[in-house]
Amino acid sequence: MTFVEAEIASQPACWRRAAELASTQAKALPTHGERIAVVGCGTSYYMAQAYAALRESSGLGETDAFAASEFPFSRRYDRVVALTRSGTTTEVLKLLGRLHGTTRTVVVTAVPSAEVRAVSDDLVELAFADEESVVQTRFATTALTLFRAHLGLHTDTVVTDAETALSEPLPEGLIEATQLSFLGRGWTVGLANEAALKMKEASLAWTESYPAMEYRHGPISIATDTTATWMFGPAPAGLAEQLRATGARWVEGGLDPLADLIRVQRLAVARATTSGLDPDRPRHLTRSVVLREGA
């Protein structure tokens, strides 16, 4: 078993711990009414998108999400939340350094490095969700579970669905698909973005992601009998029928969308294995992006 397979399988246990942890981290995490920004890089950025959409749609305060390298310093926030698995990501550390002493910051990390401690006001440590694999799976979903629990949106059903996602067979025909599109609405747009990234990283698959209503505005033109489109959460009316009419495979699960992401993680590993790739060590990637000074 690869590291990433073991890490994928451990997610139900990690989510239970994160839900319990959320109740003890109230002072570190944003309070009702605060205007906040959530930042990260790669997978962490997509989890930031999901959290931002959940928090704002719940009426808990304006919430924006940015790639750490694209943070708008002209805007003012009550708090900035940063996600970094390694605690060493250059763009995140640079951003936190610029905000230090002017904007309250909280970092959610698996590794509370000396560098990140020096530039953050609060830390939430998820060491139990750290990973050996370069490809992120359980840290990202555990961080989002922490946020969902803090928002009052996590239930035991989510964990049960995660266990189902680990045990049920994957949808047929996806190993052979020439292209996969992932769709979401609201908070699941971030999940769709993460699903596409996971497939690219682990298996070098041609993948794309879109807000579901945008799929008709051009991207559906690539759908054929060799492609697949995967929807996170309920689909817009008529979209499934329109997609099936192209001959493409349609995937829409009844699980909690975060649990459904586990199925994509498993698919990414399965496609990698079929292609003779190492899903733990994708080409050109490292566990953390640490840039040279001035880069």
# chains A, B, ... in the order shown; residues from 1 in each chain; ligands from 1
$ residues_around --residues "Phe232 of chain A" --least-positions-apart "3" --cutoff "10 Å" --atoms "only C-alpha atoms" --output "list of chain:residue names"
A:Phe182, A:Leu183, A:Gly184, A:Arg185, A:Trp187, A:Thr188, A:Val189, A:Gly190, A:Leu191, A:Ala192, A:Ala195, A:Ala212, A:Ala235, A:Val251, A:Glu252, A:Gly253, A:Gly254, A:Leu255, A:Asp256, A:Pro257, A:Leu258, A:Ala259, A:Asp260, A:Leu261
$ residues_around --residues "Ser167 of chain A" --least-positions-apart "6" --cutoff "12 Å" --atoms "only C-alpha atoms" --output "number ranges by chain"
A: 8-9, 12, 160-161, 259-260, 262-263, 266
$ residues_around --residues "His32 of chain A" --least-positions-apart "3" --cutoff "9 Å" --atoms "only C-alpha atoms" --output "ChimeraX atom specification"
/A:35,59-61
$ residues_around --residues "Val159 of chain A" --least-positions-apart "4" --cutoff "10 Å" --atoms "only C-alpha atoms" --output "mmCIF file with N, CA and C atoms, in the first residue's frame"
data_model
loop_
_atom_site.group_PDB
_atom_site.id
_atom_site.type_symbol
_atom_site.label_atom_id
_atom_site.label_comp_id
_atom_site.auth_asym_id
_atom_site.auth_seq_id
_atom_site.Cartn_x
_atom_site.Cartn_y
_atom_site.Cartn_z
ATOM 1 N N GLN A 11 -9.101 8.946 6.672
ATOM 2 C CA GLN A 11 -9.862 10.190 6.775
ATOM 3 C C GLN A 11 -11.051 10.145 7.729
ATOM 4 N N PRO A 12 -11.839 9.092 7.782
ATOM 5 C CA PRO A 12 -12.935 9.106 8.774
ATOM 6 C C PRO A 12 -12.441 9.345 10.200
ATOM 7 N N ALA A 13 -11.342 8.688 10.584
ATOM 8 C CA ALA A 13 -10.799 8.881 11.933
ATOM 9 C C ALA A 13 -10.293 10.311 12.113
ATOM 10 N N CYS A 14 -9.648 10.851 11.100
ATOM 11 C CA CYS A 14 -9.142 12.230 11.184
ATOM 12 C C CYS A 14 -10.290 13.224 11.309
ATOM 13 N N TRP A 15 -11.371 12.968 10.601
ATOM 14 C CA TRP A 15 -12.503 13.899 10.644
ATOM 15 C C TRP A 15 -13.165 13.892 12.014
ATOM 16 N N ARG A 16 -13.217 12.735 12.629
ATOM 17 C CA ARG A 16 -13.785 12.682 13.982
ATOM 18 C C ARG A 16 -12.953 13.533 14.940
ATOM 19 N N THR A 145 -13.021 19.907 7.477
ATOM 20 C CA THR A 145 -13.921 19.363 8.499
ATOM 21 C C THR A 145 -13.869 20.208 9.768
ATOM 22 N N HIS A 154 -21.044 20.224 10.482
ATOM 23 C CA HIS A 154 -20.552 18.846 10.434
ATOM 24 C C HIS A 154 -21.485 17.939 11.231
ATOM 25 N N THR A 155 -21.749 16.749 10.687
ATOM 26 C CA THR A 155 -22.569 15.768 11.387
ATOM 27 C C THR A 155 -21.905 14.402 11.304
ATOM 28 N N GLU A 163 -16.878 6.689 5.131
ATOM 29 C CA GLU A 163 -16.621 5.249 5.212
ATOM 30 C C GLU A 163 -17.231 4.521 4.018
ATOM 31 N N THR A 164 -18.405 4.980 3.586
ATOM 32 C CA THR A 164 -19.032 4.404 2.391
ATOM 33 C C THR A 164 -18.184 4.677 1.150
ATOM 34 N N ALA A 165 -17.657 5.901 1.051
ATOM 35 C CA ALA A 165 -16.832 6.269 -0.097
ATOM 36 C C ALA A 165 -15.565 5.419 -0.189
ATOM 37 N N ASP A 256 -22.365 12.969 1.083
ATOM 38 C CA ASP A 256 -21.932 14.327 1.388
ATOM 39 C C ASP A 256 -20.809 14.689 0.418
ATOM 40 N N LEU A 258 -18.046 16.327 0.578
ATOM 41 C CA LEU A 258 -16.671 16.136 1.033
ATOM 42 C C LEU A 258 -16.313 14.655 1.035
ATOM 43 N N ALA A 259 -17.252 13.815 1.415
ATOM 44 C CA ALA A 259 -17.029 12.377 1.356
ATOM 45 C C ALA A 259 -16.883 11.919 -0.096
#
$ closest_atom_pairs --of "segment 122-191 of chain A" --to "segment 20-26 of chain A" --cutoff "8 Å" --atoms "only C-alpha atoms" --output "tab-separated table"
residue	atom	partner	partner_atom	distance
A:Val124	CA	A:Gln25	CA	7.3
A:Leu146	CA	A:Ala22	CA	5.5
A:Phe147	CA	A:Ala22	CA	7.4
A:Ala149	CA	A:Ala22	CA	6.1
A:His150	CA	A:Ala22	CA	5.4
$ write_last_selection --atoms "all heavy atoms" --output "CSV table (one decimal), in the first residue's frame"
chain,number,residue,atom,x,y,z
A,124,VAL,N,-3.6,26.5,14.8
A,124,VAL,CA,-4.4,25.3,15.0
A,124,VAL,C,-3.6,24.2,14.4
A,124,VAL,O,-3.4,24.2,13.2
A,124,VAL,CB,-5.8,25.4,14.4
A,124,VAL,CG1,-6.5,24.1,14.6
A,124,VAL,CG2,-6.6,26.6,15.0
A,146,LEU,N,-12.7,20.6,10.2
A,146,LEU,CA,-12.5,21.5,11.3
A,146,LEU,C,-13.4,22.8,11.1
A,146,LEU,O,-14.1,23.2,12.0
A,146,LEU,CB,-11.1,21.9,11.5
A,146,LEU,CG,-10.8,23.0,12.6
A,146,LEU,CD1,-10.7,22.3,13.9
A,146,LEU,CD2,-9.5,23.7,12.2
A,147,PHE,N,-13.3,23.4,9.9
A,147,PHE,CA,-14.1,24.6,9.7
A,147,PHE,C,-15.6,24.3,9.6
A,147,PHE,O,-16.4,25.1,10.2
A,147,PHE,CB,-13.6,25.2,8.3
A,147,PHE,CG,-12.2,25.7,8.3
A,147,PHE,CD1,-11.4,25.5,7.1
A,147,PHE,CD2,-11.7,26.4,9.3
A,147,PHE,CE1,-10.1,25.9,7.1
A,147,PHE,CE2,-10.4,26.9,9.3
A,147,PHE,CZ,-9.6,26.6,8.1
A,149,ALA,N,-17.2,22.0,11.2
A,149,ALA,CA,-17.6,21.7,12.6
A,149,ALA,C,-17.7,23.1,13.3
A,149,ALA,O,-18.7,23.3,14.1
A,149,ALA,CB,-16.6,20.8,13.3
A,150,HIS,N,-16.8,23.9,13.1
A,150,HIS,CA,-16.8,25.2,13.8
A,150,HIS,C,-18.0,26.1,13.4
A,150,HIS,O,-18.6,26.8,14.1
A,150,HIS,CB,-15.5,26.0,13.5
A,150,HIS,CG,-15.4,27.3,14.2
A,150,HIS,ND1,-15.5,28.5,13.6
A,150,HIS,CD2,-15.3,27.6,15.6
A,150,HIS,CE1,-15.4,29.5,14.5
A,150,HIS,NE2,-15.3,29.0,15.7
$ residues_around --residues "segment 79-92 of chain A" --least-positions-apart "5" --cutoff "6 Å" --atoms "only C-alpha atoms" --output "short mmCIF file (atom, residue, chain, number, x, y, z; two decimals) with C-alpha atoms, in the first residue's frame"
data_model
loop_
_atom_site.label_atom_id
_atom_site.label_comp_id
_atom_site.auth_asym_id
_atom_site.auth_seq_id
_atom_site.Cartn_x
_atom_site.Cartn_y
_atom_site.Cartn_z
CA ILE A 36 -12.16 37.55 7.01
CA ALA A 37 -9.99 36.26 4.20
CA VAL A 38 -8.84 32.65 3.84
CA VAL A 39 -5.62 31.92 1.95
CA GLY A 40 -3.58 28.96 0.82
CA SER A 44 -5.15 24.54 0.52
CA ALA A 68 -1.66 33.47 -0.97
CA SER A 69 0.35 35.05 -3.79
CA ARG A 104 -4.84 39.22 13.22
CA THR A 105 -3.88 35.90 11.64
CA VAL A 106 -4.53 32.24 12.40
CA VAL A 107 -2.68 29.39 10.72
CA VAL A 108 -4.07 25.87 10.33
CA THR A 109 -1.13 23.54 9.78
CA ALA A 110 0.14 20.02 10.28
CA VAL A 111 3.63 21.29 11.14
CA PRO A 112 3.84 24.36 13.39
CA SER A 113 7.29 25.35 12.15
CA VAL A 116 5.13 30.08 10.83
CA SER A 288 6.24 22.07 0.03
CA VAL A 289 7.01 24.88 -2.42
CA VAL A 290 9.95 26.76 -0.91
CA LEU A 291 11.24 29.47 -3.24
#
$ select_by_dssp --residues "segment 175-214 of chain A" --states "strand (DSSP E)" --output "list of chain:residue names"
A:Gln179, A:Leu180, A:Ser181, A:Phe182, A:Leu183, A:Gly184, A:Thr207, A:Glu208, A:Ser209, A:Tyr210, A:Pro211
$ closest_residue --among "A:Glu125, A:Asp280, A:Asp64, A:Glu56" --to "Glu201 of chain A" --atoms "only C-alpha atoms"
A:Asp280
$ atom_distance --atom1 "atom CA of Lys27 of chain A" --atom2 "atom CA of Leu151 of chain A"
13.5 Å
$ closest_residue --among "A:Arg148, A:Arg281, A:Arg271, A:Arg216" --to "Ala50 of chain A" --atoms "only C-alpha atoms"
A:Arg148
$ residues_around --residues "Leu239 of chain A" --least-positions-apart "6" --cutoff "10 Å" --atoms "only C-alpha atoms" --output "PyMOL selection string"
chain A and resi 212-213+215-216+231+245+250
$ write_last_selection --atoms "all heavy atoms" --output "PDB file, in the first residue's frame"
ATOM      1  N   ALA A 212     -21.031  24.607 -11.863  1.00  0.00           N
ATOM      2  CA  ALA A 212     -21.897  23.752 -12.679  1.00  0.00           C
ATOM      3  C   ALA A 212     -22.682  24.524 -13.742  1.00  0.00           C
ATOM      4  O   ALA A 212     -22.818  24.058 -14.881  1.00  0.00           O
ATOM      5  CB  ALA A 212     -22.855  22.981 -11.781  1.00  0.00           C
ATOM      6  N   MET A 213     -23.197  25.690 -13.396  1.00  0.00           N
ATOM      7  CA  MET A 213     -23.992  26.443 -14.365  1.00  0.00           C
ATOM      8  C   MET A 213     -23.139  26.970 -15.515  1.00  0.00           C
ATOM      9  O   MET A 213     -23.669  27.300 -16.590  1.00  0.00           O
ATOM     10  CB  MET A 213     -24.715  27.597 -13.670  1.00  0.00           C
ATOM     11  CG  MET A 213     -25.828  27.156 -12.734  1.00  0.00           C
ATOM     12  SD  MET A 213     -27.189  26.312 -13.575  1.00  0.00           S
ATOM     13  CE  MET A 213     -27.960  27.685 -14.421  1.00  0.00           C
ATOM     14  N   TYR A 215     -20.850  25.215 -17.030  1.00  0.00           N
ATOM     15  CA  TYR A 215     -20.416  24.107 -17.889  1.00  0.00           C
ATOM     16  C   TYR A 215     -21.075  24.169 -19.270  1.00  0.00           C
ATOM     17  O   TYR A 215     -20.470  23.797 -20.276  1.00  0.00           O
ATOM     18  CB  TYR A 215     -20.733  22.777 -17.198  1.00  0.00           C
ATOM     19  CG  TYR A 215     -20.146  21.574 -17.896  1.00  0.00           C
ATOM     20  CD1 TYR A 215     -18.770  21.444 -18.065  1.00  0.00           C
ATOM     21  CD2 TYR A 215     -20.967  20.564 -18.392  1.00  0.00           C
ATOM     22  CE1 TYR A 215     -18.218  20.343 -18.698  1.00  0.00           C
ATOM     23  CE2 TYR A 215     -20.427  19.448 -19.025  1.00  0.00           C
ATOM     24  CZ  TYR A 215     -19.054  19.345 -19.173  1.00  0.00           C
ATOM     25  OH  TYR A 215     -18.519  18.249 -19.804  1.00  0.00           O
ATOM     26  N   ARG A 216     -22.325  24.653 -19.308  1.00  0.00           N
ATOM     27  CA  ARG A 216     -23.018  24.764 -20.593  1.00  0.00           C
ATOM     28  C   ARG A 216     -22.425  25.864 -21.470  1.00  0.00           C
ATOM     29  O   ARG A 216     -22.652  25.894 -22.680  1.00  0.00           O
ATOM     30  CB  ARG A 216     -24.502  25.059 -20.369  1.00  0.00           C
ATOM     31  CG  ARG A 216     -25.304  23.963 -19.671  1.00  0.00           C
ATOM     32  CD  ARG A 216     -26.755  24.408 -19.598  1.00  0.00           C
ATOM     33  NE  ARG A 216     -27.645  23.421 -19.017  1.00  0.00           N
ATOM     34  CZ  ARG A 216     -28.046  23.423 -17.752  1.00  0.00           C
ATOM     35  NH1 ARG A 216     -27.572  24.347 -16.913  1.00  0.00           N
ATOM     36  NH2 ARG A 216     -28.877  22.505 -17.309  1.00  0.00           N
ATOM     37  N   MET A 231     -20.311  15.501 -10.818  1.00  0.00           N
ATOM     38  CA  MET A 231     -20.973  16.590 -10.108  1.00  0.00           C
ATOM     39  C   MET A 231     -20.870  16.394  -8.602  1.00  0.00           C
ATOM     40  O   MET A 231     -21.196  15.328  -8.083  1.00  0.00           O
ATOM     41  CB  MET A 231     -22.450  16.633 -10.519  1.00  0.00           C
ATOM     42  CG  MET A 231     -23.264  17.736  -9.848  1.00  0.00           C
ATOM     43  SD  MET A 231     -22.888  19.366 -10.498  1.00  0.00           S
ATOM     44  CE  MET A 231     -23.219  20.395  -9.043  1.00  0.00           C
ATOM     45  N   ALA A 245     -26.809  13.127 -23.165  1.00  0.00           N
ATOM     46  CA  ALA A 245     -27.138  13.167 -24.589  1.00  0.00           C
ATOM     47  C   ALA A 245     -25.894  13.277 -25.468  1.00  0.00           C
ATOM     48  O   ALA A 245     -25.944  12.939 -26.658  1.00  0.00           O
ATOM     49  CB  ALA A 245     -28.083  14.337 -24.881  1.00  0.00           C
ATOM     50  N   TRP A 250     -21.927  10.389 -16.892  1.00  0.00           N
ATOM     51  CA  TRP A 250     -22.315  11.340 -15.844  1.00  0.00           C
ATOM     52  C   TRP A 250     -22.179  10.656 -14.489  1.00  0.00           C
ATOM     53  O   TRP A 250     -22.665   9.544 -14.295  1.00  0.00           O
ATOM     54  CB  TRP A 250     -23.746  11.805 -16.059  1.00  0.00           C
ATOM     55  CG  TRP A 250     -24.303  12.683 -14.964  1.00  0.00           C
ATOM     56  CD1 TRP A 250     -25.117  12.298 -13.937  1.00  0.00           C
ATOM     57  CD2 TRP A 250     -24.087  14.088 -14.794  1.00  0.00           C
ATOM     58  NE1 TRP A 250     -25.426  13.374 -13.139  1.00  0.00           N
ATOM     59  CE2 TRP A 250     -24.809  14.485 -13.638  1.00  0.00           C
ATOM     60  CE3 TRP A 250     -23.365  15.047 -15.495  1.00  0.00           C
ATOM     61  CZ2 TRP A 250     -24.826  15.797 -13.180  1.00  0.00           C
ATOM     62  CZ3 TRP A 250     -23.378  16.354 -15.035  1.00  0.00           C
ATOM     63  CH2 TRP A 250     -24.092  16.730 -13.903  1.00  0.00           C
TER      64      TRP A 250
END
$ select_by_dssp --residues "segment 33-209 of chain A" --states "alpha helix (DSSP H)" --output "ChimeraX atom specification"
/A:43-57,90-99,114-118,138-150,156-167,188-203
$ closest_residue --among "A:Ala202, A:Val119, A:Leu95, A:Ala53" --to "Leu267 of chain A" --atoms "only C-alpha atoms"
A:Ala202
$ closest_residue --among "A:Ala67, A:Pro211, A:Pro282, A:Glu132" --to "Phe3 of chain A" --atoms "only C-alpha atoms"
A:Glu132
$ residues_around --residues "Ala268 of chain A" --least-positions-apart "6" --cutoff "10 Å" --atoms "only C-alpha atoms" --output "list in words"
Leu174, Ile175, Ala195, Ala196, Leu197, Lys198, Met199, Lys200, Glu201, Ala202, Ser203, Leu204, Ala205, Ile262, Thr274 and Pro279 of chain A
$ atom_distance --atom1 "atom CA of Glu7 of chain A" --atom2 "atom CA of Arg138 of chain A"
6.0 Å
$ atom_distance --atom1 "atom CA of Ser209 of chain A" --atom2 "atom CA of Asn193 of chain A"
5.3 Å
